[in-house]
$ cat input04.csv   # CSV, C-alpha atoms
chain,number,residue,atom,x,y,z
J,1,MET,CA,146.8,-9.1,48.7
J,2,THR,CA,150.2,-9.8,47.1
J,3,PRO,CA,150.4,-11.8,43.9
J,4,GLU,CA,152.1,-14.6,45.8
J,5,ALA,CA,148.9,-15.1,47.9
J,6,ARG,CA,146.6,-15.6,44.9
J,7,GLU,CA,147.4,-19.2,44.2
J,8,PRO,CA,147.2,-20.3,47.9
J,9,LEU,CA,144.0,-18.4,48.3
J,10,ALA,CA,142.4,-20.0,45.2
J,11,ARG,CA,143.5,-23.4,46.5
J,12,TYR,CA,142.1,-22.7,50.0
J,13,LEU,CA,138.8,-21.6,48.4
J,14,LEU,CA,138.7,-24.8,46.3
J,15,THR,CA,139.3,-26.9,49.4
J,16,ILE,CA,136.3,-25.5,51.3
J,17,ALA,CA,134.1,-25.5,48.2
J,18,ASP,CA,135.0,-29.2,47.5
J,19,ASP,CA,134.1,-30.1,51.1
J,20,GLU,CA,130.7,-28.5,50.7
J,21,LEU,CA,130.1,-29.9,47.2
J,22,VAL,CA,131.0,-33.4,48.1
J,23,LEU,CA,129.0,-33.4,51.4
J,24,GLY,CA,126.1,-31.8,49.5
J,25,TYR,CA,126.1,-34.6,46.9
J,26,ARG,CA,126.4,-37.4,49.4
J,27,ASP,CA,123.7,-36.0,51.7
J,28,SER,CA,121.4,-35.5,48.7
J,29,GLU,CA,121.4,-39.3,48.3
J,30,TRP,CA,119.1,-39.4,51.3
J,31,THR,CA,116.3,-37.9,49.3
J,32,GLY,CA,113.6,-40.6,49.4
J,33,VAL,CA,115.3,-42.9,52.0
J,34,ALA,CA,115.6,-40.7,55.2
J,35,PRO,CA,114.0,-42.0,58.3
J,36,ILE,CA,110.7,-40.0,57.9
J,37,VAL,CA,109.3,-38.0,55.1
J,38,GLU,CA,109.8,-34.7,56.9
J,39,GLU,CA,113.5,-35.5,57.4
J,40,ASP,CA,113.7,-36.5,53.8
J,41,VAL,CA,112.7,-32.9,52.9
J,42,ALA,CA,114.8,-31.3,55.5
J,43,PHE,CA,118.0,-33.3,54.8
J,44,SER,CA,117.7,-32.7,51.1
J,45,SER,CA,117.4,-29.0,51.8
J,46,LEU,CA,120.5,-29.0,53.9
J,47,ALA,CA,122.3,-30.8,51.0
J,48,GLN,CA,121.2,-28.1,48.6
J,49,ASP,CA,122.4,-25.4,51.0
J,50,GLU,CA,125.9,-27.0,50.9
J,51,ILE,CA,125.9,-27.0,47.2
J,52,GLY,CA,124.9,-23.3,47.3
J,53,HIS,CA,127.8,-22.6,49.5
J,54,ALA,CA,130.1,-24.5,47.2
J,55,ARG,CA,128.8,-22.4,44.3
J,56,LEU,CA,129.6,-19.2,46.1
J,57,LEU,CA,133.1,-20.3,46.9
J,58,TYR,CA,133.8,-21.6,43.4
J,59,THR,CA,132.7,-18.3,42.1
J,60,LEU,CA,135.3,-16.5,44.3
J,61,ALA,CA,137.9,-19.0,43.2
J,62,ALA,CA,137.0,-18.6,39.6
J,63,GLU,CA,137.5,-14.8,39.8
J,64,LEU,CA,141.1,-15.5,41.0
J,65,THR,CA,142.0,-18.1,38.4
J,66,ALA,CA,140.1,-16.6,35.4
J,67,THR,CA,137.9,-19.6,34.9
J,68,ASP,CA,134.2,-20.3,35.7
J,69,PRO,CA,132.5,-22.0,38.6
J,70,ASP,CA,131.1,-24.9,36.5
J,71,GLN,CA,134.5,-25.7,35.2
J,72,LEU,CA,135.8,-25.8,38.8
J,73,ALA,CA,132.9,-27.8,40.1
J,74,LEU,CA,132.5,-30.5,37.4
J,75,ARG,CA,135.4,-30.4,35.0
J,76,ARG,CA,138.6,-30.9,37.0
J,77,PRO,CA,140.4,-34.2,36.8
J,78,LYS,CA,139.6,-36.6,39.6
J,79,GLY,CA,142.8,-36.0,41.5
J,80,ASP,CA,142.4,-32.2,41.6
J,81,TYR,CA,139.6,-32.2,44.2
J,82,TYR,CA,140.7,-31.4,47.7
J,83,HIS,CA,137.8,-32.3,50.1
J,84,ALA,CA,138.5,-34.2,53.3
J,85,ARG,CA,138.1,-37.9,53.0
J,86,LEU,CA,135.5,-38.0,55.7
J,87,LEU,CA,133.0,-36.5,53.2
J,88,GLU,CA,133.3,-38.8,50.2
J,89,PHE,CA,131.9,-42.2,51.3
J,90,ARG,CA,128.3,-43.1,50.6
J,91,ALA,CA,126.2,-43.4,53.8
J,92,THR,CA,123.0,-44.5,52.1
J,93,PRO,CA,122.0,-47.9,50.8
J,94,LYS,CA,122.6,-48.0,47.0
J,95,TYR,CA,119.7,-48.3,44.6
J,96,ASP,CA,120.3,-50.7,41.8
J,97,PRO,CA,117.8,-50.9,38.9
J,98,SER,CA,118.2,-54.7,38.9
J,99,GLY,CA,116.6,-54.8,42.3
J,100,GLN,CA,119.9,-56.1,43.9
J,101,HIS,CA,120.2,-53.0,46.1
J,102,GLN,CA,123.4,-52.7,48.2
J,103,ALA,CA,122.7,-52.5,51.9
J,104,GLY,CA,125.2,-51.1,54.5
J,105,GLY,CA,124.0,-47.5,54.6
J,106,ASP,CA,123.4,-46.1,58.0
J,107,TRP,CA,121.6,-42.9,59.1
J,108,ALA,CA,123.8,-42.7,62.2
J,109,LYS,CA,126.9,-42.5,59.9
J,110,ALA,CA,125.3,-39.6,58.0
J,111,ILE,CA,124.5,-37.8,61.2
J,112,VAL,CA,127.9,-38.4,62.8
J,113,ARG,CA,129.7,-37.2,59.7
J,114,ARG,CA,127.5,-34.1,59.4
J,115,TYR,CA,127.8,-33.2,63.1
J,116,LEU,CA,131.6,-33.6,63.3
J,117,TYR,CA,132.0,-31.8,60.0
J,118,ASP,CA,129.6,-28.9,60.8
J,119,LEU,CA,131.3,-28.3,64.2
J,120,PHE,CA,134.6,-28.1,62.3
J,121,ASP,CA,133.1,-25.9,59.6
J,122,ASP,CA,131.6,-23.6,62.2
J,123,LEU,CA,135.1,-22.9,63.6
J,124,ARG,CA,136.6,-22.6,60.1
J,125,THR,CA,133.9,-20.1,58.9
J,126,GLU,CA,134.3,-18.2,62.2
J,127,ILE,CA,137.9,-17.4,61.4
J,128,ILE,CA,137.3,-16.8,57.7
J,129,ALA,CA,134.6,-14.2,58.6
J,130,GLU,CA,137.6,-12.2,60.0
J,131,SER,CA,139.5,-12.4,56.7
J,132,SER,CA,141.1,-9.3,55.3
J,133,TYR,CA,140.0,-10.4,51.8
J,134,PRO,CA,136.6,-8.6,51.7
J,135,PRO,CA,134.7,-10.8,49.1
J,136,LEU,CA,135.5,-13.9,51.2
J,137,ALA,CA,134.6,-12.4,54.6
J,138,ALA,CA,131.2,-11.1,53.1
J,139,ALA,CA,130.4,-14.4,51.5
J,140,ILE,CA,131.2,-16.5,54.6
J,141,GLN,CA,129.0,-14.3,56.8
J,142,LYS,CA,126.0,-15.2,54.7
J,143,VAL,CA,127.0,-18.9,54.8
J,144,ARG,CA,127.2,-18.8,58.5
J,145,ARG,CA,123.6,-17.7,58.8
J,146,GLU,CA,122.5,-20.9,57.2
J,147,GLU,CA,125.0,-23.1,58.9
J,148,ARG,CA,123.8,-22.1,62.3
J,149,TYR,CA,120.6,-24.0,61.6
J,150,HIS,CA,122.5,-27.0,60.2
J,151,LEU,CA,124.2,-27.3,63.5
J,152,ARG,CA,120.9,-27.2,65.4
J,153,HIS,CA,119.6,-29.9,63.1
J,154,ASP,CA,122.7,-32.1,63.7
J,155,GLU,CA,122.5,-31.6,67.4
J,156,ALA,CA,118.8,-32.6,67.6
J,157,TRP,CA,119.6,-35.9,65.8
J,158,TRP,CA,122.8,-36.5,67.8
J,159,HIS,CA,120.8,-36.2,71.0
J,160,ALA,CA,117.9,-38.3,69.6
J,161,LEU,CA,120.3,-41.2,68.6
J,162,ALA,CA,122.6,-40.9,71.7
J,163,GLY,CA,119.7,-40.8,74.2
J,164,GLY,CA,117.2,-42.9,72.2
J,165,PRO,CA,116.6,-46.7,72.2
J,166,ALA,CA,119.6,-49.0,72.4
J,167,GLU,CA,119.8,-49.6,68.6
J,168,GLY,CA,120.2,-45.9,67.8
J,169,ARG,CA,122.9,-45.5,70.5
J,170,GLU,CA,124.8,-48.6,69.3
J,171,ARG,CA,124.7,-47.4,65.7
J,172,LEU,CA,125.9,-43.9,66.8
J,173,GLU,CA,128.9,-45.4,68.7
J,174,ARG,CA,129.8,-47.7,65.8
J,175,ALA,CA,129.7,-44.7,63.4
J,176,ILE,CA,131.9,-42.6,65.7
J,177,ALA,CA,134.5,-45.4,65.9
J,178,ALA,CA,134.4,-45.9,62.1
J,179,LEU,CA,134.6,-42.2,61.2
J,180,TRP,CA,137.0,-40.8,63.9
J,181,PRO,CA,140.3,-41.0,61.9
J,182,ASP,CA,138.5,-39.5,58.9
J,183,ALA,CA,137.1,-36.7,61.1
J,184,LEU,CA,140.7,-35.9,62.3
J,185,GLY,CA,141.7,-35.7,58.7
J,186,LEU,CA,139.6,-32.4,58.5
J,187,PHE,CA,142.5,-30.6,60.0
J,188,GLU,CA,145.0,-31.4,57.3
J,189,PRO,CA,146.0,-28.0,56.0
J,190,ALA,CA,145.7,-26.9,52.4
J,191,PRO,CA,149.1,-26.1,50.8
J,192,GLY,CA,150.1,-22.4,51.2
J,193,GLU,CA,147.9,-21.7,54.3
J,194,GLU,CA,151.0,-20.1,56.1
J,195,ARG,CA,151.2,-17.5,53.3
J,196,LEU,CA,147.5,-16.6,53.8
J,197,VAL,CA,148.0,-16.3,57.6
J,198,ALA,CA,151.1,-14.1,57.0
J,199,GLU,CA,149.0,-11.7,54.9
J,200,GLY,CA,146.1,-11.6,57.3
J,201,ILE,CA,143.8,-13.3,54.7
J,202,LEU,CA,143.4,-16.1,57.2
J,203,PRO,CA,143.7,-15.6,61.0
J,204,LEU,CA,144.8,-19.2,61.7
J,205,THR,CA,145.7,-22.3,59.9
J,206,THR,CA,143.3,-25.2,59.7
J,207,ALA,CA,145.5,-27.3,61.9
J,208,GLU,CA,145.2,-24.8,64.6
J,209,LEU,CA,141.5,-25.3,64.8
J,210,ARG,CA,141.9,-28.8,66.1
J,211,LEU,CA,142.0,-28.0,69.8
J,212,ARG,CA,139.0,-25.7,69.6
J,213,TRP,CA,137.2,-28.5,67.8
J,214,VAL,CA,138.0,-31.0,70.5
J,215,GLU,CA,136.7,-28.5,73.1
J,216,ARG,CA,133.4,-28.3,71.2
J,217,VAL,CA,133.1,-32.0,70.5
J,218,ALA,CA,133.9,-33.2,74.1
J,219,PRO,CA,130.8,-31.9,75.8
J,220,ALA,CA,128.5,-33.4,73.2
J,221,PHE,CA,130.1,-36.8,73.9
J,222,ALA,CA,130.2,-36.3,77.7
J,223,ARG,CA,126.5,-35.3,77.9
J,224,HIS,CA,125.5,-38.8,76.8
J,225,GLY,CA,128.4,-40.6,78.4
J,226,ILE,CA,129.9,-41.5,75.1
J,227,PRO,CA,133.7,-42.1,75.4
J,228,LEU,CA,135.7,-39.6,73.4
J,229,PRO,CA,138.0,-41.5,71.0
J,230,ASP,CA,141.7,-40.7,71.2
J,231,GLU,CA,142.3,-37.3,69.6
J,232,ARG,CA,145.9,-38.2,68.9
J,233,ALA,CA,144.9,-41.2,66.7
J,234,ALA,CA,146.3,-41.2,63.2
J,235,PRO,CA,144.2,-39.0,61.0
J,236,ALA,CA,143.1,-40.1,57.5
J,237,VAL,CA,144.9,-37.5,55.5
J,238,GLY,CA,145.6,-37.0,51.8
J,239,GLY,CA,142.4,-35.4,50.8
J,240,ARG,CA,143.8,-31.9,50.8
J,241,ARG,CA,146.4,-33.2,48.3
J,242,GLY,CA,143.8,-34.8,46.0
J,243,GLU,CA,144.4,-38.4,47.4
J,244,HIS,CA,141.1,-40.1,47.9
J,245,GLY,CA,139.5,-43.5,48.4
J,246,PRO,CA,137.0,-45.7,46.5
J,247,GLY,CA,134.1,-43.6,47.7
J,248,TRP,CA,135.4,-40.7,45.7
J,249,ASP,CA,135.9,-42.8,42.5
J,250,GLU,CA,132.3,-43.8,42.7
J,251,LEU,CA,131.0,-40.3,43.4
J,252,TYR,CA,133.2,-38.5,40.9
J,253,ASP,CA,131.9,-40.8,38.1
J,254,GLU,CA,128.4,-40.2,39.1
J,255,MET,CA,128.5,-36.5,39.6
J,256,THR,CA,130.4,-35.7,36.5
J,257,MET,CA,128.5,-38.2,34.3
J,258,VAL,CA,126.2,-35.7,32.5
J,259,ARG,CA,129.0,-33.1,32.1
J,260,ARG,CA,131.2,-35.8,30.5
J,261,LEU,CA,128.5,-36.8,28.1
J,262,GLU,CA,128.0,-33.3,26.9
J,263,PRO,CA,131.1,-31.3,28.0
J,264,ASP,CA,129.9,-28.0,26.5
J,265,GLY,CA,126.2,-28.4,27.0
J,266,ALA,CA,124.4,-25.4,28.2
J,267,TRP,CA,121.4,-25.5,30.6
Q,1,MET,CA,107.3,-39.2,67.2
Q,2,HIS,CA,104.8,-36.4,67.7
Q,3,VAL,CA,102.4,-34.5,65.6
Q,4,TYR,CA,102.9,-30.7,65.7
Q,5,GLU,CA,100.3,-28.3,64.3
Q,6,VAL,CA,101.9,-25.5,62.4
Q,7,PHE,CA,100.9,-21.8,62.4
Q,8,ARG,CA,102.3,-19.2,60.1
Q,9,GLN,CA,102.4,-15.4,60.1
Q,10,GLU,CA,102.9,-14.1,56.5
Q,11,ALA,CA,103.7,-10.5,57.3
Q,12,GLU,CA,104.7,-8.6,60.4
Q,13,GLY,CA,101.6,-7.7,62.4
Q,14,GLU,CA,99.3,-10.3,60.8
Q,15,SER,CA,97.6,-13.0,62.8
Q,16,MET,CA,99.0,-16.5,63.0
Q,17,ARG,CA,97.1,-18.9,60.7
Q,18,HIS,CA,97.0,-22.6,60.9
Q,19,VAL,CA,98.6,-24.0,57.8
Q,20,GLY,CA,99.0,-27.8,58.5
Q,21,ASN,CA,101.1,-30.2,60.5
Q,22,VAL,CA,104.3,-32.1,60.6
Q,23,ASP,CA,105.6,-35.3,62.3
Q,24,ALA,CA,108.7,-34.8,64.3
Q,25,PRO,CA,110.7,-36.5,67.2
Q,26,ASP,CA,111.1,-33.2,69.1
Q,27,ASP,CA,110.4,-29.4,69.2
Q,28,GLU,CA,113.7,-28.5,67.5
Q,29,LEU,CA,113.2,-30.7,64.5
Q,30,ALA,CA,109.5,-29.8,64.4
Q,31,LEU,CA,110.6,-26.2,63.8
Q,32,GLN,CA,113.0,-27.2,61.1
Q,33,TYR,CA,110.5,-29.4,59.4
Q,34,ALA,CA,107.8,-26.7,59.6
Q,35,ARG,CA,110.3,-24.3,57.9
Q,36,GLU,CA,110.9,-26.8,55.1
Q,37,VAL,CA,107.2,-27.6,54.5
Q,38,TYR,CA,105.5,-24.3,55.1
Q,39,SER,CA,108.1,-21.6,54.5
Q,40,ARG,CA,110.4,-23.1,51.8
Q,41,ARG,CA,110.0,-20.0,49.7
Q,42,GLY,CA,110.2,-17.5,52.5
Q,43,GLU,CA,106.4,-17.4,53.0
Q,44,ALA,CA,106.6,-16.8,56.7
Q,45,THR,CA,107.8,-14.1,59.0
Q,46,ARG,CA,107.1,-16.3,62.0
Q,47,LEU,CA,106.2,-19.9,62.7
Q,48,TRP,CA,104.7,-21.6,65.7
Q,49,VAL,CA,104.7,-25.3,66.1
Q,50,VAL,CA,102.3,-26.7,68.8
Q,51,PRO,CA,102.3,-30.3,69.9
Q,52,ARG,CA,98.9,-31.6,69.0
Q,53,ALA,CA,98.6,-33.0,72.5
Q,54,ALA,CA,98.6,-29.5,73.9
Q,55,ILE,CA,95.5,-28.5,71.9
Q,56,VAL,CA,92.2,-28.6,73.9
Q,57,GLU,CA,89.4,-29.4,71.5
Q,58,ILE,CA,85.7,-29.4,71.3
Q,59,VAL,CA,83.6,-30.5,68.3
Q,60,ASP,CA,80.2,-31.0,69.9
Q,61,PRO,CA,77.4,-29.2,67.9
Q,62,ASP,CA,75.2,-29.2,71.0
Q,63,PHE,CA,77.7,-26.8,72.4
Q,64,LEU,CA,78.9,-24.9,69.3
Q,65,ARG,CA,75.6,-24.6,67.5
Q,66,PRO,CA,72.9,-25.0,70.1
Q,67,PRO,CA,69.7,-26.6,69.0
Q,68,LEU,CA,67.4,-24.0,70.6
Q,69,ASP,CA,66.8,-20.5,69.2
Q,70,HIS,CA,69.2,-18.1,71.0
Q,71,GLY,CA,68.1,-15.1,69.0
Q,72,TYR,CA,66.5,-13.5,72.0
Q,73,ARG,CA,70.1,-13.0,73.4
Q,74,MET,CA,71.3,-11.0,70.5
Q,75,GLY,CA,70.9,-7.3,69.9
Q,76,GLU,CA,70.2,-8.0,66.3
Q,77,ALA,CA,67.0,-9.8,67.2
Q,78,TYR,CA,65.3,-6.8,68.9
Q,79,ARG,CA,62.2,-5.5,66.9
Q,80,VAL,CA,63.6,-2.0,66.6
Q,81,THR,CA,66.9,-3.3,65.2
Q,82,VAL,CA,65.1,-5.4,62.7
Q,83,MET,CA,63.0,-2.5,61.6
Q,84,LYS,CA,65.9,-0.1,61.3
Q,85,ARG,CA,67.9,-2.5,59.3
Q,86,ARG,CA,65.1,-3.1,57.0
Q,87,GLN,CA,64.8,0.7,56.4
Q,88,ILE,CA,68.6,0.9,55.7
Q,89,THR,CA,69.0,-2.1,53.5
Q,90,GLY,CA,65.5,-2.5,52.1
Q,91,LYS,CA,65.8,-6.2,52.9
Q,92,GLU,CA,64.6,-8.5,55.6
Q,93,ALA,CA,67.2,-8.5,58.4
Q,94,SER,CA,68.4,-11.9,59.6
Q,95,ARG,CA,70.7,-13.0,62.3
Q,96,ASP,CA,73.3,-13.9,59.7
Q,97,ALA,CA,73.2,-10.5,57.9
$ encode --input "input04.csv" --output "structure tokens"
Amino acid sequence: MTPEAREPLARYLLTIADDELVLGYRDSEWTGVAPIVEEDVAFSSLAQDEIGHARLLYTLAAELTATDPDQLALRRPKGDYYHARLLEFRATPKYDPSGQHQAGGDWAKAIVRRYLYDLFDDLRTEIIAESSYPPLAAAIQKVRREERYHLRHDEAWWHALAGGPAEGRERLERAIAALWPDALGLFEPAPGEERLVAEGILPLTTAELRLRWVERVAPAFARHGIPLPDERAAPAVGGRRGEHGPGWDELYDEMTMVRRLEPDGAW
Amino acid sequence: MHVYEVFRQEAEGESMRHVGNVDAPDDELALQYAREVYSRRGEATRLWVVPRAAIVEIVDPDFLRPPLDHGYRMGEAYRVTVMKRRQITGKEASRDA
């Protein structure tokens, strides 16, 4: 690896790690409120897996930037996180100690987000496994062994909602319509990806995965007669540059709360 | 939603043992839930999930523990066996020994 590739590689690693961390946090919010108690346990476990993947990638990024993984995960400024915007909104109802809980959460949204993201992540990790940077290729091969089961979980729920009673199907279709532009935003590249491709650290840019993703997504829609939204619709971009929405304001405050109270606390 | 009974093998070559059950909408999720509940810490080398509806059950004591003495059907009940066992163990042989 040339010295010029270090910075883009660190940025690319942060981008993936942030995706996993943010989805892990958001999905962990289903603990206690998933549709059945077994799913509660399973979904929480998936969420913890994602945070484990984030930790692995932050560790690799920290080695390149001479910092530590906790610093990267919890002590960056709010605008220095590069996850896709799809991953940051809250899908659960929000608990409020006063008893005035906020409704509006939807399991179908959580499932659509996970499924569309995991299909993308499967393609992304497939190419990263071919990376010429050995620590990254080795780490991602382990990640893929867990992600295979995440996809099986997502698919089971996708079929259950799409083929189930009318309400599940309606919620699924509403969630797809609402999340589609955000899902297309997954293909926004991280700055400097061309450099990584030129050096063989990355076989393809993120944008080049889009057609492959559509080829994976289309049969899942077709199988249940769900119309595929327009793949040329305007994607919700900005996430890879640190531009986010209100979902991120809320999540950032919450997930960094303890760290901000006691910045140098040790656990 | 269906109930699945969960069986677990804890080491290669061991028998499958019943460990409990899970509720799940289908076979795939039943496997995933069984993993979460019964092999979270890597306790299993293999899991089976069996829809409870597939289990054929009998709980009738008339059939399982017949009321009449069936000792005459068992080798252990022959007089010579009883005598030999008493010589070996020094104790009264019984069917449960």
$ closest_residue --input "input04.csv" --among "J:Ala62, J:Ile111, J:Ala236, J:Leu204" --to "Phe43 of chain J" --atoms "only C-alpha atoms"
J:Ile111
$ interface_residues --input "input04.csv" --of "chain Q" --to "chain J" --cutoff "8 Å" --atoms "only C-alpha atoms" --output "list in words"
Val22, Asp23, Ala24, Pro25, Asp26, Glu28, Leu29, Gln32, Tyr33, Glu36 and Val37 of chain Q
$ atom_distance --input "input04.csv" --atom1 "atom CA of Glu147 of chain J" --atom2 "atom CA of Leu31 of chain Q"
15.5 Å
$ closest_residue --input "input04.csv" --among "J:Glu29, J:Glu63, J:Asp49, J:Glu254" --to "Arg144 of chain J" --atoms "only C-alpha atoms"
J:Asp49
$ atom_distance --input "input04.csv" --atom1 "atom CA of Phe221 of chain J" --atom2 "atom CA of Glu167 of chain J"
17.3 Å
$ residues_around --input "input04.csv" --residues "segment 48-51 of chain Q" --least-positions-apart "6" --cutoff "8 Å" --atoms "only C-alpha atoms" --output "PyMOL selection string"
chain Q and resi 2-8+27+30-31+34
$ build_atoms --input "input04.csv" --residues "segment 3-30 of chain J" --atoms "N, CA and C atoms" --output "compact mmCIF listing (two decimals), keeping the file's coordinate frame"
# COMPACT_ATOMS: atom_id res chain seq x y z
N PRO J 3 150.62 -10.77 44.91
CA PRO J 3 150.40 -11.80 43.90
C PRO J 3 150.75 -13.19 44.35
N GLU J 4 151.69 -13.29 45.31
CA GLU J 4 152.10 -14.60 45.80
C GLU J 4 150.92 -15.31 46.59
N ALA J 5 149.99 -14.49 47.06
CA ALA J 5 148.90 -15.10 47.90
C ALA J 5 147.75 -15.58 46.97
N ARG J 6 147.74 -15.18 45.71
CA ARG J 6 146.60 -15.60 44.90
C ARG J 6 146.44 -17.06 44.74
N GLU J 7 147.53 -17.73 44.46
CA GLU J 7 147.40 -19.20 44.20
C GLU J 7 147.00 -19.93 45.51
N PRO J 8 147.68 -19.66 46.65
CA PRO J 8 147.20 -20.30 47.90
C PRO J 8 145.77 -20.00 48.24
N LEU J 9 145.35 -18.77 47.97
CA LEU J 9 144.00 -18.40 48.30
C LEU J 9 143.00 -19.19 47.40
N ALA J 10 143.31 -19.27 46.12
CA ALA J 10 142.40 -20.00 45.20
C ALA J 10 142.37 -21.48 45.66
N ARG J 11 143.50 -22.02 46.06
CA ARG J 11 143.50 -23.40 46.50
C ARG J 11 142.72 -23.61 47.79
N TYR J 12 142.85 -22.65 48.70
CA TYR J 12 142.10 -22.70 50.00
C TYR J 12 140.59 -22.65 49.68
N LEU J 13 140.19 -21.76 48.78
CA LEU J 13 138.80 -21.60 48.40
C LEU J 13 138.25 -22.94 47.81
N LEU J 14 139.06 -23.55 46.95
CA LEU J 14 138.70 -24.80 46.30
C LEU J 14 138.49 -25.90 47.40
N THR J 15 139.39 -25.88 48.38
CA THR J 15 139.30 -26.90 49.40
C THR J 15 138.00 -26.82 50.19
N ILE J 16 137.60 -25.61 50.54
CA ILE J 16 136.30 -25.50 51.30
C ILE J 16 135.16 -25.79 50.35
N ALA J 17 135.22 -25.27 49.13
CA ALA J 17 134.10 -25.50 48.20
C ALA J 17 133.98 -27.00 47.91
N ASP J 18 135.09 -27.71 47.77
CA ASP J 18 135.00 -29.20 47.50
C ASP J 18 134.41 -29.89 48.71
N ASP J 19 134.77 -29.48 49.92
CA ASP J 19 134.10 -30.10 51.10
C ASP J 19 132.62 -29.93 51.02
N GLU J 20 132.17 -28.74 50.70
CA GLU J 20 130.70 -28.50 50.70
C GLU J 20 130.03 -29.20 49.54
N LEU J 21 130.69 -29.22 48.37
CA LEU J 21 130.10 -29.90 47.20
C LEU J 21 129.94 -31.38 47.46
N VAL J 22 131.01 -31.99 47.97
CA VAL J 22 131.00 -33.40 48.10
C VAL J 22 130.01 -33.85 49.24
N LEU J 23 129.99 -33.11 50.33
CA LEU J 23 129.00 -33.40 51.40
C LEU J 23 127.58 -33.18 50.84
N GLY J 24 127.41 -32.11 50.10
CA GLY J 24 126.10 -31.80 49.50
C GLY J 24 125.62 -32.95 48.63
N TYR J 25 126.52 -33.46 47.77
CA TYR J 25 126.10 -34.60 46.90
C TYR J 25 125.80 -35.82 47.71
N ARG J 26 126.66 -36.16 48.65
CA ARG J 26 126.40 -37.40 49.40
C ARG J 26 125.14 -37.27 50.25
N ASP J 27 124.90 -36.12 50.84
CA ASP J 27 123.70 -36.00 51.70
C ASP J 27 122.43 -35.96 50.79
N SER J 28 122.58 -35.49 49.56
CA SER J 28 121.40 -35.50 48.70
C SER J 28 120.92 -36.89 48.37
N GLU J 29 121.79 -37.87 48.56
CA GLU J 29 121.40 -39.30 48.30
C GLU J 29 120.36 -39.77 49.29
N TRP J 30 120.13 -39.02 50.37
CA TRP J 30 119.10 -39.40 51.30
C TRP J 30 117.69 -39.07 50.85
